[in-house]
Amino acid sequence: LSNTLVSLELSGSSTAPTPVRHTEEMDEQERQARVSRLKTAIEEVVLPGGDTEEGWDGVTVKEPARELSSVYVAGAEELAWVAAQVNAGTAAFTMVFLQNDIDLNGKEWTPIGTEEHPFTGAFEGNACTVSGLSVTQTSNCSGLFGNVAGSEDAKAVVRNLTVEGTVSVANGGNVGSCIGGVIGRASHARISGCTSNAAVNNESTYFISTESIGT
C-alpha cells in the first residue's frame with residue numbers, strides 16, 4: 001500500500017474561550033451557603049464557663065480553672081460545680097474568684113454551703129453580678145450562699161458581689177432556718193461590698209431573715 005498523506009483542516013476561531021460569568025442565580029446560591037455556614041458557627045458558640053446561647057440548664061456542672069486551692073469561676077456551670085463540691089464536703093476552697101457577670105437563667109439553685117458543710121473560704125465577687133437566682137426549695141439556709149461559716153481565727157469572706165433574682169420559701173424547714181438574697185446564714189464571717197437586689201419571699205413561720213453570728 002502506498003503512503004497517503006491526509007490533511008485535516010480545522011475551521012473556526014483560534015482564540016481562547018471566554019470565561020463563564022457567574023450568574024445572579026449562582027451568586028445567590030453562594031450567599032445562602034455562606035449564611036448557612038455562619039449560622040452553623042454561631043449555633044456552636046460556647047460562652048465562658050460552658051454556658052450555651054440558651055443559658056444554663058440548671059443541671060450541668062463544669063470544673064473551673066484551678067490553682068492549688070483557689071478557683072476562677074467564669075460561668076453558671078462552674079459556680080454550680082463549686083456549690084456541689086462545698087455541699088458534698090469534698091473540697092474546701094481558700095479563694096473563689098468570680099471573673100465576670102453570671103446568669104443563673106432562672107433555674108432552681110442549690111445554695112452554696114449547708115449546715116453540715118458551710119462555705120469556709122473567701123469569695124471575691126470582683127464587683128460582678130449573679131442574676132437569675134431562683135431558690136424555691138425548702139432548706140435550712142437559703143440564698144445564693146446557704147451557710148457561710150469561718151472561725152474566730154479564720155473568718156470566712158464574701159465581698160464585692162451583687163445578687164439579683166428570687167428567693168421564695170413556702171411552709172417547711174426547721175425552727176431557726178434562715179433566708180436571704182446573698183447569704184442565708186453567716187457566722188464568723190466578713191461580708192462587705194455586697195448588694196442584694198433579690199426578691200425574698202418568706203411564707204414560712206419557721207424561717208427568719210439573714211442571720212449573722214460573730215461577723
# chains A, B, ... in the order shown; residues from 1 in each chain; ligands from 1
>>> select_by_dssp(residues="stretch 86-194 of chain A", states="strand (DSSP E or B)", output="JSON, numbers by chain")
{"A": [95, 96, 97, 98, 102, 103, 108, 112, 119, 122, 123, 124, 125, 126, 127, 128, 129, 130, 131, 132, 133, 134, 135, 141, 142, 145, 146, 147, 148, 149, 156, 157, 158, 159, 160, 161, 162, 163, 164, 165, 166, 167, 168, 169, 177, 178, 179, 183, 184, 185, 186, 187, 189, 190, 191, 192, 193, 194]}
>>> closest_residue(among="A:Ala33, A:Val157, A:Leu144, A:Ala186", to="A:Glu115", atoms="only C-alpha atoms")
A:Ala186
>>> residues_around(residues="A:Gly165", least_positions_apart="2", cutoff="8 Å", atoms="only C-alpha atoms", output="list of chain:residue names")
A:Gly106, A:Ser131, A:Gly132, A:Leu133, A:Ser134, A:Val163, A:Val167, A:Gly181, A:Asn197, A:Ala198, A:Ala199
>>> closest_residue(among="A:Ser70, A:Asn100, A:Gln137, A:Asn126", to="A:Cys194", atoms="only C-alpha atoms")
A:Asn126
>>> atom_distance(atom1="atom CA of A:Gly75", atom2="atom CA of A:Ser151")
29.3 Å
